[in-house]
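J.: Below: one structure in structure tokens.
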Amino acid sequence: MDIGKAYKATPKAKLPPVEALLKTMLENKLVDKVLGAKVDKDVTQVKPEAIDKPENIKDMNLPTYVAFNFAKTDSAAKFLHKSMGGGLNSKVGLVARPCDMRALVELHKRRQVNLDNLITIGIEEFGQIEQKSLKKFFTDKKIDPAKIKSVSITSPDKVHMNIDGKDEEFSFDGNLTICRNCSNCRNKTVQNEDIKASFLSSDVILTPMTKKGLDVMEKASSYLTYAESSFNGESILKEMEAKGKAKQLEEIEAFRKKTTEQKLAALGACTACGICIRACPVCFCVDCVLMNKRKAKKIDQYTFQLSRIAHVGDTCVQCGKCDSNCPKNLPLNIYFNDIALKLEQKYGYVTGRSIKDIPPRANVTDMRSRYRKH
Ligand code: SF4
Ligand code: SF4
Ligand code: SF4
């Protein structure tokens with residue numbers, strides 16, 4: 001087995017490939033805990049959970065996590081930082097979307113996460129289903145979400161659902177959609193991961209990307225058989241990235257033609273509820289000055305939102321969690337995407353790409369002094 005080579009992974013028993021990797025990490029004490037996924041009531045509501053015993057690793061129905069992401073404001077990066085100590089004092093194994101990986105890189109730079117203590121399985125995926133479109137879709141199709149057993153997206157425009165034992169295929173046709181932010185995502189390829197796990201087809205394709213990842217995959221051979229594969233997920237994703245980029249540029253161009261008054265007016269519906277802050281994987285201040293001012297009724301909605309945009313503008317990894325969770329449907333991703341493009345055009349800076357890239361707003365001395373000696 002070689003680093004950088006793709007392998008089709010077939011389970012020897014019931015445990016699916018990624019779960020087998022996580023169990024192997026715990027069994028061999030390569031990590032103290034893993035960040036897993038669990039479904040409570042219905043498959044659209046996937047929750048993160050910390051697991052420390054190998055015997056507690058079961059089938060996590062990961063294609064469902066890939067289709068919906070963690071419910072509401074949760075994400076792998078947020079949960080790792082908030083509920084698992086960021087891997088600062090313990091070793092953690094986790095599954096992460098490409099935008100989670102970018103968030104981990106930004107959090108590492110700010111000493112909130114220690115990537116050296118993590119074993120990451122970065123997933124290749126088509127994007128996540130827009131939660132807000134689901135309720136209407138289920139009503140229109142008379143589907144009881146509690147009867148859906150599994151969901152998987154195996155092409156950019158189609159989703160498969162197993163409803164009460166029966167397989168059905170649905171198109172992303174306007175009623176059911178991929179998240180706005182995912183459809184114009186221009187960073188779909190996963191980076192900095194130890195193992196790449198591709199969920200772009202009905203097979204699970206694993207690629208060891210680092211020595212750490214190779215070690216886990218080799219040790220997991222008691223659960224999995226591997227066969228070299230010519231599957232190239234990156235070429236599929238690059239094509240989608242190009243489309244996403246064109247769409248994003250079109251939106252940004254239209255946004256830049258707006259007057260400042262129009263840009264401000266679009267933020268007028270903000271109620272300063274703070275859900276976007278709760279959802280943001282790179283918002284980590286323990287004592288949030290914006291929420292404090294909001295509780296004291298000392299801030300208006302424009303100052304609240306403009307301050308937040310200014311604060312996280314160069315940390316934003318374009319995950320879209322704020323945008324998809326905003327109860328007022330504010331087009332937050334356009335504001336952040338506009339800043340991201342400016343940072344890239346002016347400084348060549350892309351958030352989450354590498355731990356070596358220093359954010360342009362921080363001077364070198366400042367960043368060096370803030371770096372934790374991991
Ligand atoms: S924003 Fe991009 S990387 Fe993140 S879930 Fe959507 S498609 Fe994937
Ligand atoms: S932008 Fe949306 S989520 Fe954020 S505080 Fe305003 S209303 Fe709430
Ligand atoms: S500001 Fe929004 S899009 Fe950017 S990282 Fe935070 S939640 Fe994601």
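The way I read the labels, and the way they are meant: chains A, B, ... in the order of the structure tokens, residue 1 as the first residue of every chain, and ligand 1 as the first ligand shown, with later ones counted on from there.
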Neighbours of ligand 2 within 7 Å, counting only C-alpha atoms and all ligand atoms, as a list in words?
T.: Ala269, Cys270, Thr271, Ala272, Cys273, Gly274, Ile275, Cys276, Ile277, Gln305, Cys322, Asn325, Cys326, Pro327, Lys328, Asn329, Leu330 and Leu332 of chain A
J.: Would you give me, as JSON lines, each residue of chain A having an atom within 7 Å of an atom of ligand 3, along with its shortest atom pair and that distance in Å to one decimal, using only C-alpha atoms and all ligand atoms and sorting by chain and residue number?
T.:
```
{"residue": "A:Cys276", "atom": "CA", "partner": "ligand 3", "partner_atom_place_in_ligand_line": "7 (S)", "distance": 6.3}
{"residue": "A:Ala279", "atom": "CA", "partner": "ligand 3", "partner_atom_place_in_ligand_line": "7 (S)", "distance": 5.6}
{"residue": "A:Cys280", "atom": "CA", "partner": "ligand 3", "partner_atom_place_in_ligand_line": "7 (S)", "distance": 3.4}
{"residue": "A:Pro281", "atom": "CA", "partner": "ligand 3", "partner_atom_place_in_ligand_line": "6 (Fe)", "distance": 5.7}
{"residue": "A:Val282", "atom": "CA", "partner": "ligand 3", "partner_atom_place_in_ligand_line": "5 (S)", "distance": 5.6}
{"residue": "A:Cys283", "atom": "CA", "partner": "ligand 3", "partner_atom_place_in_ligand_line": "6 (Fe)", "distance": 6.6}
{"residue": "A:Val312", "atom": "CA", "partner": "ligand 3", "partner_atom_place_in_ligand_line": "1 (S)", "distance": 6.2}
{"residue": "A:Thr315", "atom": "CA", "partner": "ligand 3", "partner_atom_place_in_ligand_line": "5 (S)", "distance": 6.8}
{"residue": "A:Cys316", "atom": "CA", "partner": "ligand 3", "partner_atom_place_in_ligand_line": "4 (Fe)", "distance": 3.7}
{"residue": "A:Val317", "atom": "CA", "partner": "ligand 3", "partner_atom_place_in_ligand_line": "5 (S)", "distance": 4.4}
{"residue": "A:Gln318", "atom": "CA", "partner": "ligand 3", "partner_atom_place_in_ligand_line": "3 (S)", "distance": 3.9}
{"residue": "A:Cys319", "atom": "CA", "partner": "ligand 3", "partner_atom_place_in_ligand_line": "8 (Fe)", "distance": 4.0}
{"residue": "A:Gly320", "atom": "CA", "partner": "ligand 3", "partner_atom_place_in_ligand_line": "3 (S)", "distance": 3.9}
{"residue": "A:Lys321", "atom": "CA", "partner": "ligand 3", "partner_atom_place_in_ligand_line": "7 (S)", "distance": 4.3}
{"residue": "A:Cys322", "atom": "CA", "partner": "ligand 3", "partner_atom_place_in_ligand_line": "7 (S)", "distance": 4.1}
{"residue": "A:Asp323", "atom": "CA", "partner": "ligand 3", "partner_atom_place_in_ligand_line": "2 (Fe)", "distance": 6.2}
{"residue": "A:Asn333", "atom": "CA", "partner": "ligand 3", "partner_atom_place_in_ligand_line": "3 (S)", "distance": 5.8}
{"residue": "A:Phe336", "atom": "CA", "partner": "ligand 3", "partner_atom_place_in_ligand_line": "4 (Fe)", "distance": 6.3}
```
J.: In Å, with one decimal, what is the gap from CA of Asp32 (chain A) to CA of Val92 (chain A)?
T.: 6.0 Å
J.: Mind giving me the straight-line distance from CA of Ala242 (chain A) to CA of Gln128 (chain A) in Å, one decimal?
T.: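 Going from CA of Ala242 (chain A) over to CA of Gln128 (chain A) covers 17.9 Å.
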J.: Under the rule that only C-alpha atoms are counted, which of A:Lys247, A:Arg361, A:Lys33, A:Lys58 is the nearest residue to Lys346 (chain A)?
T.: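 Of the candidates, the smallest distance to Lys346 (chain A) is held by A:Arg361.
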J.: Considering only C-alpha atoms, can you say which of A:Lys91, A:Arg97, A:Lys295, A:Lys38 comes closest to Gln191 (chain A)?
T.: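 Between A:Lys91, A:Arg97, A:Lys295, A:Lys38, the residue approaching Gln191 (chain A) most closely is A:Arg97.
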J.: Could you give me the residues within region 64-147 of chain A that DSSP places in strand (DSSP E), as a ChimeraX atom specification?
T.: /A:92-96,118-124
J.: Near Ala246 (chain A), within 10 Å and counting only C-alpha atoms, which residues show up once chain neighbours fewer than 6 positions away are dropped, as a PDB file with N, CA and C atoms, in the first residue's frame?
T.:
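Result went into around31.pdb, see below:
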```
ATOM      1  N   ASN A 184     -22.095  26.913  -4.904  1.00  0.00           N
ATOM      2  CA  ASN A 184     -21.068  27.800  -5.482  1.00  0.00           C
ATOM      3  C   ASN A 184     -19.718  27.684  -4.742  1.00  0.00           C
ATOM      4  N   CYS A 185     -19.499  26.483  -4.179  1.00  0.00           N
ATOM      5  CA  CYS A 185     -18.237  26.227  -3.462  1.00  0.00           C
ATOM      6  C   CYS A 185     -17.086  26.113  -4.461  1.00  0.00           C
ATOM      7  N   ARG A 186     -16.005  26.815  -4.211  1.00  0.00           N
ATOM      8  CA  ARG A 186     -14.868  26.717  -5.141  1.00  0.00           C
ATOM      9  C   ARG A 186     -13.652  26.059  -4.475  1.00  0.00           C
ATOM     10  N   MET A 240     -16.450  20.474 -10.761  1.00  0.00           N
ATOM     11  CA  MET A 240     -17.515  21.129 -10.003  1.00  0.00           C
ATOM     12  C   MET A 240     -17.033  22.451  -9.399  1.00  0.00           C
ATOM     13  N   ILE A 252     -20.689  37.675  -6.951  1.00  0.00           N
ATOM     14  CA  ILE A 252     -19.853  38.732  -6.369  1.00  0.00           C
ATOM     15  C   ILE A 252     -19.877  39.973  -7.269  1.00  0.00           C
TER      16      ILE A 252
END
```
J.: Could you list, as a ChimeraX atom specification, all the residues within 10 Å of ligand 1, counting only C-alpha atoms and all ligand atoms?
T.: /A:66-69,75,96-102,123-129,178-190,237,240-241,244,317-321
J.: Kindly save the residues from that selection, with N, CA and C atoms included, as a CSV table (one decimal), in the first residue's frame.
T.:
```csv
chain,number,residue,atom,x,y,z
A,66,VAL,N,-22.8,12.6,5.3
A,66,VAL,CA,-22.3,13.3,4.1
A,66,VAL,C,-23.4,14.1,3.4
A,67,ALA,N,-24.6,13.5,3.3
A,67,ALA,CA,-25.7,14.2,2.7
A,67,ALA,C,-26.3,15.4,3.4
A,68,PHE,N,-26.3,15.3,4.7
A,68,PHE,CA,-26.9,16.4,5.5
A,68,PHE,C,-26.0,17.2,6.4
A,69,ASN,N,-24.8,16.7,6.6
A,69,ASN,CA,-23.8,17.3,7.6
A,69,ASN,C,-24.5,17.2,8.9
A,75,SER,N,-20.9,21.2,13.5
A,75,SER,CA,-20.0,20.7,12.4
A,75,SER,C,-18.9,20.0,13.1
A,96,ALA,N,-13.9,14.6,8.5
A,96,ALA,CA,-14.2,16.0,8.2
A,96,ALA,C,-14.4,16.3,6.8
A,97,ARG,N,-15.4,17.2,6.5
A,97,ARG,CA,-15.6,17.7,5.2
A,97,ARG,C,-14.5,18.6,4.8
A,98,PRO,N,-14.3,19.0,3.5
A,98,PRO,CA,-13.2,19.9,3.1
A,98,PRO,C,-13.3,21.2,3.9
A,99,CYS,N,-14.5,21.7,4.1
A,99,CYS,CA,-14.5,23.0,4.8
A,99,CYS,C,-14.2,22.9,6.3
A,100,ASP,N,-14.5,21.7,6.8
A,100,ASP,CA,-14.0,21.4,8.2
A,100,ASP,C,-12.5,21.4,8.3
A,101,MET,N,-11.9,20.7,7.3
A,101,MET,CA,-10.4,20.7,7.3
A,101,MET,C,-9.8,22.1,7.2
A,102,ARG,N,-10.5,23.0,6.4
A,102,ARG,CA,-10.0,24.3,6.3
A,102,ARG,C,-10.1,25.0,7.7
A,123,ILE,N,-13.3,13.9,3.7
A,123,ILE,CA,-14.2,13.3,2.7
A,123,ILE,C,-14.3,14.1,1.4
A,124,GLU,N,-14.5,13.3,0.4
A,124,GLU,CA,-14.8,13.9,-0.9
A,124,GLU,C,-16.3,13.8,-1.1
A,125,GLU,N,-17.0,14.9,-1.3
A,125,GLU,CA,-18.5,14.9,-1.3
A,125,GLU,C,-19.0,15.9,-2.3
A,126,PHE,N,-20.3,15.8,-2.6
A,126,PHE,CA,-20.9,16.7,-3.6
A,126,PHE,C,-21.4,18.0,-3.0
A,127,GLY,N,-21.5,18.0,-1.6
A,127,GLY,CA,-22.1,19.1,-1.0
A,127,GLY,C,-23.3,18.6,-0.1
A,128,GLN,N,-23.8,19.5,0.7
A,128,GLN,CA,-24.9,19.0,1.6
A,128,GLN,C,-26.3,19.5,1.2
A,129,ILE,N,-27.3,18.7,1.6
A,129,ILE,CA,-28.7,19.1,1.2
A,129,ILE,C,-29.1,20.3,2.1
A,178,ILE,N,-29.3,21.3,-3.1
A,178,ILE,CA,-28.0,21.4,-2.4
A,178,ILE,C,-27.9,22.8,-1.8
A,179,CYS,N,-27.2,22.9,-0.7
A,179,CYS,CA,-27.1,24.2,-0.1
A,179,CYS,C,-26.5,25.2,-1.1
A,180,ARG,N,-27.1,26.5,-0.9
A,180,ARG,CA,-26.6,27.6,-1.8
A,180,ARG,C,-25.1,27.7,-1.8
A,181,ASN,N,-24.6,27.6,-0.5
A,181,ASN,CA,-23.1,27.8,-0.4
A,181,ASN,C,-22.3,26.6,-1.0
A,182,CYS,N,-22.9,25.4,-1.0
A,182,CYS,CA,-22.2,24.3,-1.6
A,182,CYS,C,-22.3,24.3,-3.1
A,183,SER,N,-23.4,24.9,-3.6
A,183,SER,CA,-23.5,24.9,-5.1
A,183,SER,C,-22.5,25.9,-5.7
A,184,ASN,N,-22.1,26.9,-4.9
A,184,ASN,CA,-21.1,27.8,-5.5
A,184,ASN,C,-19.7,27.7,-4.7
A,185,CYS,N,-19.5,26.5,-4.2
A,185,CYS,CA,-18.2,26.2,-3.5
A,185,CYS,C,-17.1,26.1,-4.5
A,186,ARG,N,-16.0,26.8,-4.2
A,186,ARG,CA,-14.9,26.7,-5.1
A,186,ARG,C,-13.7,26.1,-4.5
A,187,ASN,N,-13.9,25.4,-3.3
A,187,ASN,CA,-12.8,24.7,-2.6
A,187,ASN,C,-13.3,23.3,-2.2
A,188,LYS,N,-13.8,22.5,-3.2
A,188,LYS,CA,-14.4,21.2,-2.9
A,188,LYS,C,-13.3,20.1,-2.7
A,189,THR,N,-12.1,20.3,-3.1
A,189,THR,CA,-11.1,19.3,-2.9
A,189,THR,C,-10.6,19.3,-1.5
A,190,VAL,N,-10.5,18.2,-0.9
A,190,VAL,CA,-10.1,18.1,0.5
A,190,VAL,C,-8.5,18.3,0.6
A,237,LEU,N,-14.3,16.7,-8.8
A,237,LEU,CA,-14.5,17.8,-7.9
A,237,LEU,C,-13.9,19.1,-8.5
A,240,MET,N,-16.4,20.5,-10.8
A,240,MET,CA,-17.5,21.1,-10.0
A,240,MET,C,-17.0,22.5,-9.4
A,241,GLU,N,-15.8,22.5,-9.0
A,241,GLU,CA,-15.2,23.7,-8.4
A,241,GLU,C,-15.2,24.8,-9.5
A,244,GLY,N,-18.7,26.1,-9.7
A,244,GLY,CA,-19.0,26.8,-8.4
A,244,GLY,C,-18.3,28.2,-8.4
A,317,VAL,N,-13.9,30.2,6.4
A,317,VAL,CA,-13.5,29.2,5.5
A,317,VAL,C,-14.6,28.8,4.5
A,318,GLN,N,-15.6,29.7,4.4
A,318,GLN,CA,-16.7,29.6,3.4
A,318,GLN,C,-17.5,28.3,3.5
A,319,CYS,N,-17.7,27.9,4.8
A,319,CYS,CA,-18.5,26.6,5.0
A,319,CYS,C,-20.0,26.8,4.8
A,320,GLY,N,-20.4,28.1,4.9
A,320,GLY,CA,-21.9,28.3,4.7
A,320,GLY,C,-22.8,28.0,5.9
A,321,LYS,N,-22.2,27.6,7.0
A,321,LYS,CA,-23.0,27.2,8.2
A,321,LYS,C,-23.8,28.5,8.7
```
J.: So that each row is one residue of region 87-136 of chain A with an atom at most 9 Å from region 211-222 of chain A, can you give its shortest atom pair and the distance in Å to one decimal, using only C-alpha atoms, rows by chain and rising number, as a tab-separated table?
T.:
```
residue	atom	partner	partner_atom	distance
A:Ile119	CA	A:Gly213	CA	7.2
A:Thr120	CA	A:Gly213	CA	8.0
A:Ile121	CA	A:Gly213	CA	8.2
```
J.: Could you pull the residues within 8 Å of Ser152 (chain A), counting only C-alpha atoms, minus those fewer than 5 positions along the same chain, as a PyMOL selection string?
T.: chain A and resi 63-64+66-67+159-161
J.: Which residues, written as a PDB file with N, CA and C atoms, in the first residue's frame, have at least one atom at most 10 Å from Asp144 (chain A), with only C-alpha atoms counted and residues fewer than 4 positions away on the same chain left out?
T.:
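Generated output (around_13.pdb):
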```
ATOM      1  N   ASP A  42     -34.636  11.071  13.270  1.00  0.00           N
ATOM      2  CA  ASP A  42     -34.702  10.830  11.828  1.00  0.00           C
ATOM      3  C   ASP A  42     -33.354  11.144  11.195  1.00  0.00           C
ATOM      4  N   PHE A 138     -40.648  16.956   1.948  1.00  0.00           N
ATOM      5  CA  PHE A 138     -41.297  15.812   2.598  1.00  0.00           C
ATOM      6  C   PHE A 138     -42.825  15.945   2.547  1.00  0.00           C
ATOM      7  N   THR A 139     -43.324  17.171   2.758  1.00  0.00           N
ATOM      8  CA  THR A 139     -44.779  17.377   2.715  1.00  0.00           C
ATOM      9  C   THR A 139     -45.291  17.098   1.302  1.00  0.00           C
ATOM     10  N   ILE A 148     -37.279   7.153   6.751  1.00  0.00           N
ATOM     11  CA  ILE A 148     -36.108   7.094   5.858  1.00  0.00           C
ATOM     12  C   ILE A 148     -34.988   6.365   6.594  1.00  0.00           C
ATOM     13  N   ILE A 163     -36.564   4.441   1.733  1.00  0.00           N
ATOM     14  CA  ILE A 163     -37.708   4.798   2.570  1.00  0.00           C
ATOM     15  C   ILE A 163     -38.468   3.517   2.907  1.00  0.00           C
ATOM     16  N   ASP A 164     -38.432   3.161   4.189  1.00  0.00           N
ATOM     17  CA  ASP A 164     -39.124   1.950   4.648  1.00  0.00           C
ATOM     18  C   ASP A 164     -38.727   0.714   3.853  1.00  0.00           C
TER      19      ASP A 164
END
```
J.: With distances taken over only C-alpha atoms, which residue among A:Ile143, A:Leu35, A:Leu94, A:Val204 lies nearest Ala9 (chain A)?
T.: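 Nearest candidate to Ala9 (chain A) out of A:Ile143, A:Leu35, A:Leu94, A:Val204: A:Val204.
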J.: For Lys166 (chain A), which of A:Val151, A:Ile3, A:Leu267, A:Met25 is the closest residue, counting only C-alpha atoms?
T.: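 So, comparing all the options, the nearest one is A:Val151.
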J.: Select, from A:Met291, A:Asn61, A:Gly352, A:Phe199, the residue with the minimum atom-to-atom distance to Arg110 (chain A), counting only C-alpha atoms.
T.: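 Counting only C-alpha atoms, the residue closest to Arg110 (chain A) is A:Gly352.
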J.: So that I can see what lies close to Leu264 (chain A), please list as a list in words the residues with an atom at most 10 Å from it, counting only C-alpha atoms and leaving out residues fewer than 4 positions away in the same chain.
T.: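 Residues meeting the cut-off are Lys258, Thr259, Thr260, Gly268, Tyr302, Thr303, Gln305 and Leu306 of chain A.
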J.: Name the closest residue to Gln131 (chain A) among the candidates A:Glu239, A:Ile51, A:Ser324, A:Lys257; distances are taken between atoms, counting only C-alpha atoms.
T.: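 Answer, going by the shortest atom-to-atom distance: A:Ser324.
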J.: Write out as a PyMOL selection string the set of residues from region 54-254 of chain A that DSSP, computed on the backbone, places in helix (DSSP H, G or I).
T.: chain A and resi 54-56+62-68+76-83+85-87+98-109+115-117+131-141+145-147+180-183+211-222+233-254
